[in-house]
$ cat run_22.cif   # mmCIF, C-alpha atoms and all ligand atoms
data_data
#
loop_
_atom_site.label_atom_id
_atom_site.label_comp_id
_atom_site.auth_asym_id
_atom_site.auth_seq_id
_atom_site.Cartn_x
_atom_site.Cartn_y
_atom_site.Cartn_z
CA MET A 20 -13.23 -14.12 0.78
CA LYS A 21 -13.84 -13.37 -2.88
CA LEU A 22 -10.57 -14.05 -4.64
CA GLY A 23 -8.31 -16.91 -3.58
CA CYS A 24 -4.73 -16.66 -4.85
CA ILE A 25 -1.82 -19.06 -4.96
CA ALA A 26 1.59 -17.49 -5.59
CA ASP A 27 4.65 -19.52 -6.57
CA ASP A 28 7.04 -17.28 -4.65
CA PHE A 29 7.14 -14.90 -1.79
CA THR A 30 7.74 -11.42 -3.18
CA GLY A 31 5.52 -12.33 -6.14
CA ALA A 32 2.69 -12.87 -3.67
CA THR A 33 3.23 -9.39 -2.23
CA ASP A 34 3.34 -7.90 -5.71
CA LEU A 35 -0.06 -9.48 -6.51
CA ALA A 36 -1.61 -8.42 -3.19
CA ASN A 37 -0.34 -4.88 -3.83
CA ASN A 38 -2.21 -4.69 -7.15
CA LEU A 39 -5.39 -6.05 -5.56
CA VAL A 40 -5.23 -3.45 -2.77
CA ARG A 41 -4.72 -0.69 -5.31
CA ALA A 42 -7.88 -1.87 -7.04
CA GLY A 43 -9.72 -1.59 -3.70
CA MET A 44 -9.62 -5.18 -2.43
CA ARG A 45 -8.64 -5.71 1.22
CA SER A 46 -5.89 -8.30 0.96
CA VAL A 47 -3.85 -10.55 3.20
CA GLN A 48 -0.83 -12.65 2.28
CA THR A 49 -0.19 -15.85 4.18
CA ILE A 50 3.12 -17.66 4.41
CA GLY A 51 2.21 -21.13 3.21
CA VAL A 52 -1.22 -22.69 3.68
CA PRO A 53 -2.75 -21.51 6.99
CA ASP A 54 -3.97 -23.95 9.65
CA GLY A 55 -7.00 -21.91 10.65
CA PRO A 56 -9.65 -19.71 9.05
CA PRO A 57 -8.73 -16.63 6.98
CA PRO A 58 -8.08 -13.32 8.70
CA GLU A 59 -11.21 -11.30 9.27
CA GLY A 60 -12.21 -8.79 6.63
CA ALA A 61 -9.92 -10.08 3.90
CA GLU A 62 -11.58 -10.01 0.47
CA ALA A 63 -8.53 -11.61 -1.12
CA VAL A 64 -6.07 -14.03 0.41
CA VAL A 65 -2.77 -14.73 -1.33
CA VAL A 66 -1.19 -17.98 -0.19
CA ALA A 67 2.56 -17.60 -0.74
CA LEU A 68 4.31 -20.83 -1.66
CA LYS A 69 7.93 -21.35 -2.62
CA SER A 70 7.10 -23.64 -5.52
CA ARG A 71 8.63 -21.98 -8.56
CA THR A 72 11.65 -24.22 -8.91
CA ILE A 73 10.84 -27.31 -6.84
CA PRO A 74 9.97 -30.60 -8.67
CA ALA A 75 6.68 -30.25 -10.58
CA ALA A 76 4.90 -33.00 -8.62
CA GLU A 77 5.65 -31.22 -5.33
CA ALA A 78 4.52 -27.88 -6.74
CA VAL A 79 1.24 -29.54 -7.76
CA THR A 80 0.72 -31.09 -4.31
CA GLN A 81 1.36 -27.81 -2.49
CA SER A 82 -0.80 -25.82 -4.92
CA LEU A 83 -3.70 -28.26 -4.53
CA ALA A 84 -3.43 -28.00 -0.74
CA ALA A 85 -3.66 -24.22 -1.09
CA LEU A 86 -6.61 -24.61 -3.48
CA HIS A 87 -8.53 -26.81 -1.06
CA TRP A 88 -8.01 -24.37 1.80
CA LEU A 89 -9.06 -21.39 -0.34
CA ARG A 90 -12.18 -23.20 -1.61
CA ALA A 91 -13.11 -24.31 1.90
CA GLN A 92 -12.94 -20.63 2.96
CA GLY A 93 -15.35 -19.65 0.18
CA ALA A 94 -13.07 -18.29 -2.56
CA LEU A 95 -15.22 -17.59 -5.63
CA GLN A 96 -12.35 -17.47 -8.14
CA VAL A 97 -8.79 -18.81 -8.02
CA TYR A 98 -5.74 -16.90 -9.29
CA PHE A 99 -2.45 -18.74 -9.82
CA LYS A 100 0.24 -16.04 -9.66
CA VAL A 101 3.42 -16.72 -11.64
CA CYS A 102 6.42 -14.55 -12.43
CA SER A 103 6.05 -11.75 -14.97
CA THR A 104 9.01 -13.31 -16.80
CA PHE A 105 7.18 -16.69 -16.81
CA ASP A 106 10.06 -18.34 -14.90
CA SER A 107 9.79 -22.07 -15.55
CA THR A 108 11.50 -24.99 -17.26
CA ASP A 109 10.19 -27.40 -19.92
CA ARG A 110 8.97 -29.62 -17.06
CA GLY A 111 7.12 -26.86 -15.26
CA ASN A 112 5.97 -25.65 -12.97
CA ILE A 113 3.49 -23.23 -14.54
CA GLY A 114 1.87 -25.77 -16.89
CA PRO A 115 1.52 -28.72 -14.49
CA VAL A 116 0.12 -26.54 -11.68
CA THR A 117 -2.32 -24.75 -14.01
CA GLU A 118 -3.62 -28.08 -15.33
CA ALA A 119 -3.87 -29.61 -11.85
CA LEU A 120 -5.94 -26.63 -10.67
CA MET A 121 -8.16 -26.92 -13.78
CA ASP A 122 -8.64 -30.65 -13.19
CA ALA A 123 -9.49 -30.11 -9.54
CA LEU A 124 -12.07 -27.45 -10.43
CA GLY A 125 -13.47 -29.35 -13.43
CA CYS A 126 -12.51 -26.48 -15.71
CA ASP A 127 -11.81 -27.04 -19.41
CA PHE A 128 -10.56 -23.59 -20.39
CA THR A 129 -8.41 -20.89 -18.87
CA ILE A 130 -5.88 -18.21 -19.80
CA ALA A 131 -2.24 -17.48 -18.97
CA CYS A 132 -0.91 -13.94 -19.09
CA PRO A 133 2.23 -12.65 -17.31
CA ALA A 134 1.94 -9.09 -18.72
CA PHE A 135 2.62 -6.18 -16.32
CA PRO A 136 3.14 -3.11 -18.51
CA ALA A 137 3.84 -0.83 -15.51
CA ASN A 138 6.96 -2.93 -14.88
CA GLY A 139 7.88 -3.27 -18.56
CA ARG A 140 6.45 -6.76 -19.16
CA THR A 141 4.34 -6.85 -22.33
CA VAL A 142 3.08 -9.71 -24.52
CA TYR A 143 2.58 -9.30 -28.28
CA LYS A 144 1.59 -12.15 -30.60
CA GLY A 145 2.36 -14.43 -27.70
CA TYR A 146 5.96 -13.17 -27.39
CA LEU A 147 7.02 -11.82 -24.01
CA PHE A 148 9.07 -8.62 -23.88
CA THR A 149 11.04 -7.35 -20.87
CA GLY A 150 11.46 -3.64 -21.44
CA ASP A 151 12.47 -3.13 -25.06
CA VAL A 152 13.80 -6.63 -25.75
CA LEU A 153 12.41 -10.13 -26.15
CA LEU A 154 12.47 -12.22 -22.96
CA SER A 155 15.23 -14.37 -24.44
CA GLU A 156 17.47 -11.36 -25.11
CA GLY A 157 17.26 -9.95 -21.58
CA SER A 158 18.95 -11.01 -18.37
CA MET A 159 16.48 -13.91 -17.86
CA ARG A 160 18.47 -15.75 -20.52
CA GLU A 161 21.20 -16.29 -17.89
CA HIS A 162 18.99 -17.18 -14.92
CA PRO A 163 20.70 -19.98 -12.94
CA LEU A 164 17.53 -22.01 -12.30
CA THR A 165 15.01 -21.04 -14.95
CA PRO A 166 16.88 -19.67 -17.98
CA MET A 167 14.30 -18.30 -20.40
CA THR A 168 15.66 -18.80 -23.91
CA ASP A 169 12.35 -19.09 -25.83
CA PRO A 170 10.31 -15.85 -25.92
CA SER A 171 7.18 -17.55 -27.35
CA LEU A 172 4.86 -18.19 -24.42
CA VAL A 173 2.63 -20.42 -26.55
CA ARG A 174 5.58 -22.72 -27.20
CA VAL A 175 6.88 -22.51 -23.60
CA MET A 176 3.46 -23.33 -22.16
CA GLN A 177 2.72 -26.06 -24.72
CA ARG A 178 5.91 -27.91 -23.71
CA GLN A 179 4.61 -28.00 -20.13
CA CYS A 180 0.96 -28.93 -20.84
CA ARG A 181 -1.18 -31.84 -21.98
CA ARG A 182 -3.96 -29.48 -23.11
CA ARG A 183 -3.69 -27.54 -26.37
CA VAL A 184 -2.33 -24.01 -25.92
CA GLY A 185 -3.63 -21.14 -28.06
CA LEU A 186 -3.38 -17.36 -28.29
CA ILE A 187 -5.67 -14.36 -27.92
CA GLU A 188 -3.93 -11.69 -29.98
CA HIS A 189 -3.72 -8.00 -29.22
CA ALA A 190 -5.91 -7.24 -32.25
CA VAL A 191 -8.72 -8.94 -30.29
CA VAL A 192 -7.73 -7.69 -26.83
CA ARG A 193 -7.76 -4.03 -27.87
CA ARG A 194 -11.37 -4.38 -29.06
CA GLY A 195 -12.39 -4.93 -25.45
CA SER A 196 -13.91 -7.47 -23.13
CA ASP A 197 -16.73 -8.68 -25.40
CA ALA A 198 -14.27 -9.44 -28.18
CA ILE A 199 -12.00 -11.27 -25.71
CA ALA A 200 -14.93 -13.31 -24.36
CA GLN A 201 -15.96 -14.21 -27.88
CA ARG A 202 -12.47 -15.37 -28.78
CA MET A 203 -12.28 -17.41 -25.56
CA ALA A 204 -15.50 -19.18 -26.56
CA GLY A 205 -14.14 -19.77 -30.07
CA LEU A 206 -10.84 -21.22 -28.85
CA ARG A 207 -12.63 -23.43 -26.36
CA ALA A 208 -14.89 -24.78 -29.14
CA GLU A 209 -11.75 -25.58 -31.16
CA GLY A 210 -10.41 -27.65 -28.29
CA VAL A 211 -7.88 -25.17 -26.93
CA GLY A 212 -7.53 -25.58 -23.16
CA ILE A 213 -5.26 -22.68 -22.25
CA ALA A 214 -4.84 -19.37 -24.09
CA ILE A 215 -1.88 -17.03 -23.77
CA VAL A 216 -3.21 -13.44 -23.91
CA ASP A 217 -1.47 -10.40 -25.40
CA ALA A 218 -1.35 -7.14 -23.42
CA LEU A 219 0.55 -3.91 -24.04
CA GLU A 220 -1.01 -1.49 -21.57
CA ASP A 221 -3.23 -1.30 -18.50
CA ALA A 222 -6.34 -0.79 -20.64
CA ASP A 223 -5.76 -4.30 -22.03
CA LEU A 224 -5.57 -5.74 -18.51
CA LEU A 225 -8.78 -3.97 -17.48
CA ALA A 226 -10.61 -5.32 -20.54
CA MET A 227 -9.34 -8.81 -19.71
CA GLY A 228 -10.52 -8.48 -16.13
CA ARG A 229 -14.14 -8.13 -17.29
CA ALA A 230 -13.79 -10.97 -19.78
CA PHE A 231 -12.32 -13.33 -17.16
CA ALA A 232 -15.11 -12.82 -14.59
CA ASP A 233 -16.49 -16.34 -15.00
CA LEU A 234 -13.23 -18.31 -15.19
CA PRO A 235 -13.01 -20.57 -12.12
CA VAL A 236 -9.20 -20.34 -12.25
CA LEU A 237 -6.67 -18.28 -14.18
CA THR A 238 -2.89 -18.13 -14.42
CA ALA A 239 -1.20 -14.73 -14.55
CA GLY A 240 1.49 -12.38 -13.35
CA SER A 241 0.33 -9.65 -11.00
CA GLY A 242 -0.87 -7.37 -13.83
CA VAL A 243 -4.17 -9.11 -14.62
CA ALA A 244 -5.21 -8.55 -10.99
CA ILE A 245 -5.92 -4.86 -11.62
CA GLY A 246 -9.04 -5.77 -13.60
CA LEU A 247 -10.60 -8.42 -11.34
CA PRO A 248 -11.83 -6.64 -8.17
CA ALA A 249 -14.38 -4.64 -10.23
CA ASN A 250 -16.11 -7.95 -11.09
CA PHE A 251 -16.98 -8.28 -7.38
CA GLY A 252 -18.36 -4.73 -7.23
CA ILE A 253 -15.18 -3.42 -5.62
CA VAL A 254 -13.85 0.03 -6.54
CA PRO A 255 -10.48 1.59 -5.62
CA CYS A 256 -10.61 3.12 -2.11
CA ALA A 257 -7.98 4.33 0.36
CA GLN A 258 -9.43 2.16 3.16
CA ALA A 259 -8.30 -1.02 1.40
CA ALA A 260 -4.69 0.01 2.11
CA GLU A 261 -5.26 1.08 5.73
CA LEU A 262 -2.81 -0.36 8.25
CA PRO A 263 -2.47 0.27 11.99
CA PRO A 264 -0.21 3.25 12.87
CA SER A 265 3.51 2.45 12.73
CA ALA A 266 5.99 2.92 15.55
CA GLY A 267 9.55 2.05 16.48
CA ALA A 268 12.96 2.48 14.91
CA ARG A 269 13.50 2.19 11.15
CA VAL A 270 15.91 -0.37 9.74
CA VAL A 271 16.77 -1.58 6.23
CA VAL A 272 18.26 -5.05 5.68
CA SER A 273 19.52 -5.68 2.15
CA GLY A 274 20.72 -9.01 0.76
CA SER A 275 19.89 -8.30 -2.85
CA CYS A 276 22.82 -7.77 -5.22
CA SER A 277 20.75 -6.52 -8.16
CA ALA A 278 21.76 -3.36 -10.00
CA ALA A 279 18.80 -1.53 -8.45
CA SER A 280 19.62 -2.61 -4.89
CA ASN A 281 23.29 -1.66 -5.31
CA ALA A 282 22.25 1.84 -6.40
CA GLN A 283 19.70 2.11 -3.56
CA VAL A 284 22.26 1.07 -0.92
CA GLN A 285 24.78 3.55 -2.30
CA ALA A 286 22.22 6.37 -2.28
CA PHE A 287 21.27 5.56 1.34
CA LEU A 288 24.91 5.52 2.49
CA GLU A 289 25.51 8.91 0.86
CA ARG A 290 22.42 10.40 2.44
CA HIS A 291 23.03 8.87 5.90
CA PRO A 292 26.80 8.82 6.55
CA GLY A 293 27.85 6.36 9.28
CA ARG A 294 24.42 4.66 9.30
CA GLY A 295 25.39 1.56 7.27
CA PHE A 296 26.98 -1.78 8.33
CA ALA A 297 28.40 -4.11 5.65
CA VAL A 298 28.11 -7.88 6.07
CA ASP A 299 30.99 -9.61 4.28
CA PRO A 300 30.38 -13.28 3.34
CA LEU A 301 34.12 -14.06 3.55
CA ARG A 302 34.17 -12.97 7.20
CA LEU A 303 31.08 -15.11 7.83
CA ALA A 304 32.80 -18.08 6.22
CA ALA A 305 35.84 -17.51 8.43
CA GLY A 306 33.55 -18.09 11.41
CA GLU A 307 33.20 -14.49 12.59
CA ASP A 308 29.86 -13.71 14.23
CA VAL A 309 29.14 -10.84 11.89
CA ALA A 310 25.41 -10.85 12.68
CA GLN A 311 26.18 -10.23 16.36
CA ALA A 312 28.68 -7.52 15.40
CA ALA A 313 25.96 -5.85 13.32
CA LEU A 314 23.53 -6.05 16.23
CA ASP A 315 26.08 -4.60 18.67
CA TRP A 316 26.70 -1.80 16.19
CA ALA A 317 22.96 -1.19 15.78
CA ALA A 318 22.17 -1.32 19.51
CA SER A 319 23.73 2.07 20.25
CA ARG A 320 22.45 3.67 17.06
CA LEU A 321 18.78 2.67 16.81
CA GLY A 322 16.86 5.90 17.02
CA ASP A 323 15.21 8.49 14.85
CA GLU A 324 17.42 8.15 11.81
CA PRO A 325 17.21 4.86 9.84
CA LEU A 326 19.99 2.25 9.84
CA LEU A 327 21.07 -0.07 7.04
CA VAL A 328 22.66 -3.52 7.36
CA TYR A 329 23.66 -4.86 3.94
CA ALA A 330 25.45 -7.67 2.15
CA THR A 331 24.61 -6.02 -1.16
CA ALA A 332 27.74 -5.99 -3.30
CA ARG A 333 28.79 -5.39 -6.89
CA PRO A 334 28.97 -8.36 -9.29
CA GLU A 335 32.80 -8.66 -8.98
CA ALA A 336 32.60 -8.97 -5.19
CA VAL A 337 29.70 -11.40 -5.36
CA LYS A 338 31.59 -13.55 -7.89
CA ALA A 339 34.68 -13.54 -5.65
CA ALA A 340 32.63 -14.66 -2.63
CA GLN A 341 30.89 -17.33 -4.71
CA ALA A 342 34.21 -18.59 -6.12
CA ALA A 343 35.59 -18.93 -2.60
CA LEU A 344 32.49 -20.43 -0.93
CA GLY A 345 30.24 -21.80 -3.68
CA VAL A 346 27.08 -20.03 -4.84
CA ALA A 347 24.72 -21.87 -2.51
CA GLN A 348 26.88 -21.57 0.59
CA ALA A 349 27.60 -17.86 0.08
CA GLY A 350 23.87 -17.25 -0.35
CA ALA A 351 22.88 -19.36 2.65
CA LEU A 352 25.49 -17.79 4.97
CA VAL A 353 24.38 -14.29 4.07
CA GLU A 354 20.67 -15.10 4.29
CA ASP A 355 21.16 -16.66 7.71
CA ALA A 356 23.15 -13.68 9.01
CA LEU A 357 20.65 -11.12 7.70
CA ALA A 358 17.74 -13.14 9.09
CA ARG A 359 19.38 -13.05 12.53
CA VAL A 360 19.95 -9.32 12.17
CA SER A 361 16.25 -8.77 11.32
CA ARG A 362 15.14 -10.76 14.31
CA GLY A 363 17.66 -9.02 16.53
CA VAL A 364 16.80 -5.45 15.55
CA VAL A 365 13.08 -6.11 15.91
CA GLY A 366 13.83 -7.55 19.36
CA MET A 367 15.64 -4.27 20.17
CA GLY A 368 12.66 -2.17 19.15
CA ALA A 369 12.74 -1.68 15.40
CA GLY A 370 9.12 -1.42 14.30
CA ARG A 371 9.58 -0.52 10.65
CA LEU A 372 11.70 -2.88 8.60
CA VAL A 373 12.52 -2.82 4.89
CA VAL A 374 14.06 -6.00 3.45
CA ALA A 375 15.63 -6.01 -0.02
CA GLY A 376 15.89 -9.30 -1.93
CA GLY A 377 13.38 -12.07 -2.63
CA GLU A 378 15.27 -14.93 -0.96
CA THR A 379 16.47 -12.57 1.75
CA SER A 380 12.86 -11.56 2.46
CA GLY A 381 11.85 -15.21 2.77
CA ALA A 382 14.66 -15.87 5.25
CA CYS A 383 13.87 -12.77 7.34
CA VAL A 384 10.12 -13.35 7.47
CA GLN A 385 10.73 -16.93 8.52
CA ALA A 386 13.19 -15.90 11.24
CA LEU A 387 10.70 -13.34 12.53
CA GLY A 388 8.00 -16.01 12.77
CA VAL A 389 5.61 -13.98 10.61
CA LYS A 390 2.67 -16.06 9.34
CA GLN A 391 0.60 -13.46 7.55
CA LEU A 392 0.85 -9.92 6.23
CA ARG A 393 -1.90 -7.37 5.76
CA ILE A 394 -1.12 -5.35 2.65
CA GLY A 395 -1.05 -1.55 2.80
CA ALA A 396 -0.01 1.38 0.63
CA GLN A 397 2.34 1.02 -2.32
CA ILE A 398 5.85 2.48 -2.09
CA ASP A 399 6.85 1.75 -5.69
CA PRO A 400 5.23 -0.57 -8.27
CA GLY A 401 5.17 -4.09 -6.83
CA VAL A 402 6.25 -3.11 -3.30
CA PRO A 403 3.71 -2.20 -0.59
CA TRP A 404 4.06 -1.70 3.15
CA CYS A 405 2.64 -4.62 5.11
CA HIS A 406 1.62 -5.10 8.70
CA ALA A 407 2.45 -8.30 10.53
CA ARG A 408 2.95 -9.81 13.95
CA THR A 409 6.14 -11.62 14.80
CA GLY A 410 6.14 -15.09 16.34
CA GLU A 411 6.32 -13.33 19.74
CA GLY A 412 3.28 -11.22 18.89
CA ARG A 413 5.11 -7.92 18.31
CA PRO A 414 3.45 -5.64 15.75
CA LEU A 415 5.72 -4.83 12.82
CA HIS A 416 5.57 -2.84 9.60
CA LEU A 417 7.44 -4.66 6.85
CA ALA A 418 8.29 -3.81 3.25
CA LEU A 419 9.71 -6.66 1.16
CA LYS A 420 11.41 -5.47 -2.02
CA SER A 421 12.33 -7.93 -4.71
CA GLY A 422 15.70 -7.27 -6.32
CA ASN A 423 15.08 -5.03 -9.26
CA PHE A 424 12.11 -3.08 -7.94
CA GLY A 425 12.13 0.48 -6.67
CA THR A 426 13.63 3.84 -7.56
CA ILE A 427 17.11 4.84 -6.38
CA ASP A 428 15.76 6.63 -3.26
CA PHE A 429 13.55 3.64 -2.39
CA PHE A 430 14.64 3.19 1.25
CA ASP A 431 14.02 6.80 2.28
CA LYS A 432 10.87 6.91 0.18
CA ALA A 433 9.55 3.84 1.98
CA PHE A 434 9.77 5.52 5.39
CA GLU A 435 8.27 8.72 3.96
CA VAL A 436 5.23 6.76 2.72
CA LEU A 437 4.65 5.47 6.28
CA ARG A 438 4.41 9.00 7.57
P1 LIG B 1 17.16 -10.61 -5.48
O1 LIG B 1 15.71 -10.35 -5.18
O2 LIG B 1 17.92 -9.40 -5.91
O3 LIG B 1 17.36 -11.82 -6.39
P2 LIG B 1 17.75 -12.36 -3.27
O4 LIG B 1 17.72 -12.05 -1.82
O5 LIG B 1 16.61 -13.19 -3.81
O6 LIG B 1 17.83 -10.98 -4.06
O7 LIG B 1 19.06 -13.11 -3.69
C1 LIG B 1 20.32 -12.63 -3.41
C2 LIG B 1 21.17 -13.78 -2.94
O8 LIG B 1 22.54 -13.35 -2.92
C3 LIG B 1 20.84 -14.23 -1.53
O9 LIG B 1 20.93 -15.63 -1.44
C4 LIG B 1 21.93 -13.57 -0.69
O10 LIG B 1 22.19 -14.25 0.50
C5 LIG B 1 23.11 -13.63 -1.64
N1 LIG B 1 24.12 -12.60 -1.35
C6 LIG B 1 23.91 -11.39 -0.83
N2 LIG B 1 25.05 -10.70 -0.73
C7 LIG B 1 26.02 -11.50 -1.20
C8 LIG B 1 27.43 -11.34 -1.36
N3 LIG B 1 28.04 -10.21 -0.99
N4 LIG B 1 28.12 -12.36 -1.89
C9 LIG B 1 27.50 -13.49 -2.28
N5 LIG B 1 26.17 -13.71 -2.15
C10 LIG B 1 25.44 -12.72 -1.61
#
$ encode --input "run_22.cif" --output "structure tokens"
Amino acid sequence: MKLGCIADDFTGATDLANNLVRAGMRSVQTIGVPDGPPPEGAEAVVVALKSRTIPAAEAVTQSLAALHWLRAQGALQVYFKVCSTFDSTDRGNIGPVTEALMDALGCDFTIACPAFPANGRTVYKGYLFTGDVLLSEGSMREHPLTPMTDPSLVRVMQRQCRRRVGLIEHAVVRRGSDAIAQRMAGLRAEGVGIAIVDALEDADLLAMGRAFADLPVLTAGSGVAIGLPANFGIVPCAQAAELPPSAGARVVVSGSCSAASNAQVQAFLERHPGRGFAVDPLRLAAGEDVAQAALDWAASRLGDEPLLVYATARPEAVKAAQAALGVAQAGALVEDALARVSRGVVGMGAGRLVVAGGETSGACVQALGVKQLRIGAQIDPGVPWCHARTGEGRPLHLALKSGNFGTIDFFDKAFEVLR
């Protein structure tokens, strides 16, 4: 293993592994810290935690457990993967985990950079933009758990850290890796412990990659990963994304209610009339076994053409369900039903499964008993195909799409990519 990664959520881990594979690194994602040795042939292992919004002390404990496992397996550099919108509160968890990893590795300087220009996340003068607007003017302002109301990453990070937080500006970054390395040395001499780094395009990330070669640990979104594999002599190659051949019926399970997922579900239903089954949270709450109904419906239809089981709904319908059941209960009921559907359809012979939604993906992977995923070819930015084995040992191709990712034809495109 060359690069050891710790991701603070599940689909974020896949997003990171996807970028590493595209840069030529054979990558495996594990669900939590593994008990045994790493999978054979993996040059990068991404340990997926669910630590983004848990109490900071717990996030630190889990991240240190991941660190110790990665180091024991020979990881040469450690990458702490955080959200490209820097999802956190004033108490953490990005700052406390970064500092705990630095302390454990005896490291007095590192960087933090969530930029991912391909997905519209750029950093300029330390301010994070999502698309054309400041972080604080976009939808992250309203996030239920980690509302991001301050677009200055230097300020956000400083509130979470004991060490001094500084900035490497774009004027330096665009001059290339030597200039970045020089500025890192300068900041370190001034007593800065963590530097936010500007980036506007992939060239900036590639320059950073070279400059960060000797950092024992770094904190970043998935973007910075495109520049790191080259430091280990790795070049992009198709073999890094090779997965075993796929087989079995094709099914999509969607529990994401994002604008993108709504459009993708609609497009699928128009293209495949009669091939969709809607899961209604109000029927679940009334005690109906909707998951079983979905499985009975699917049993006679699994075949060549893909099927879709979805709870995806427009904001008005979601609000109505949440008003009736409570946000948490509506979410949990739907996640549980979709997880049972995933397990059921795989039991009936589905071999290619697309899951839409971050939390939904977590619930489905858990229900399937999947412990690790080998990362394959990209479908759309941030979403690759993966190969896994279920708890019963069945081989399975899985694509886990976080809410807002993917073009409108994502579901059909995903199955096309597997061909
Ligand atoms: P995303 O990646 O888009 O955020 P998630 O799966 O992480 O998607 O989150 C969506 C949440 O909404 C899940 O907890 C899911 O169970 C819940 N949900 C899905 N459909 C509905 C619905 N129709 N009404 C209420 N909640 C829903």
$ residues_around --input "run_22.cif" --residues "region 227-233 of chain A" --least-positions-apart "2" --cutoff "7 Å" --atoms "all atoms listed in the file" --output "count of residues only"
12
$ closest_residue --input "run_22.cif" --among "A:Asp217, A:Asp399, A:Asp109, A:Glu161" --to "Ala134 (chain A)" --atoms "all atoms listed in the file"
A:Asp217
$ closest_residue --input "run_22.cif" --among "A:Leu154, A:Cys132, A:Ala259, A:Leu326" --to "Phe99 (chain A)" --atoms "only C-alpha atoms"
A:Cys132
$ atom_distance --input "run_22.cif" --atom1 "CA of Val211 (chain A)" --atom2 "CA of Arg183 (chain A)"
4.8 Å
$ atom_distance --input "run_22.cif" --atom1 "CA of Val191 (chain A)" --atom2 "CA of Tyr143 (chain A)"
11.5 Å
$ closest_residue --input "run_22.cif" --among "A:Ala26, A:Ala78, A:Ala396, A:Ala63" --to "Ile253 (chain A)" --atoms "all atoms listed in the file"
A:Ala63
$ residues_around --input "run_22.cif" --residues "Gly368 (chain A)" --least-positions-apart "6" --cutoff "9 Å" --atoms "all atoms listed in the file" --output "list in words"
Gly267, Ala268 and Leu321 of chain A
$ write_last_selection --input "run_22.cif" --atoms "C-alpha atoms" --output "CSV table (one decimal), in the coordinates of the input"
chain,number,residue,atom,x,y,z
A,267,GLY,CA,9.6,2.0,16.5
A,268,ALA,CA,13.0,2.5,14.9
A,321,LEU,CA,18.8,2.7,16.8
$ closest_residue --input "run_22.cif" --among "A:Pro170, A:Gly370, A:Gly185, A:Gly388" --to "Ala358 (chain A)" --atoms "all atoms listed in the file"
A:Gly388
$ closest_residue --input "run_22.cif" --among "A:Val192, A:Cys405, A:Ala214, A:Ala433" --to "Arg174 (chain A)" --atoms "only C-alpha atoms"
A:Ala214
$ residues_around --input "run_22.cif" --residues "Arg371 (chain A)" --least-positions-apart "5" --cutoff "12 Å" --atoms "all atoms listed in the file" --output "ChimeraX atom specification"
/A:264-272,321-326,361,364-366,404-408,413-419,430-431,433-438
$ residues_around --input "run_22.cif" --residues "Arg182 (chain A)" --least-positions-apart "3" --cutoff "8 Å" --atoms "all atoms listed in the file" --output "PyMOL selection string"
chain A and resi 118+177+211-213
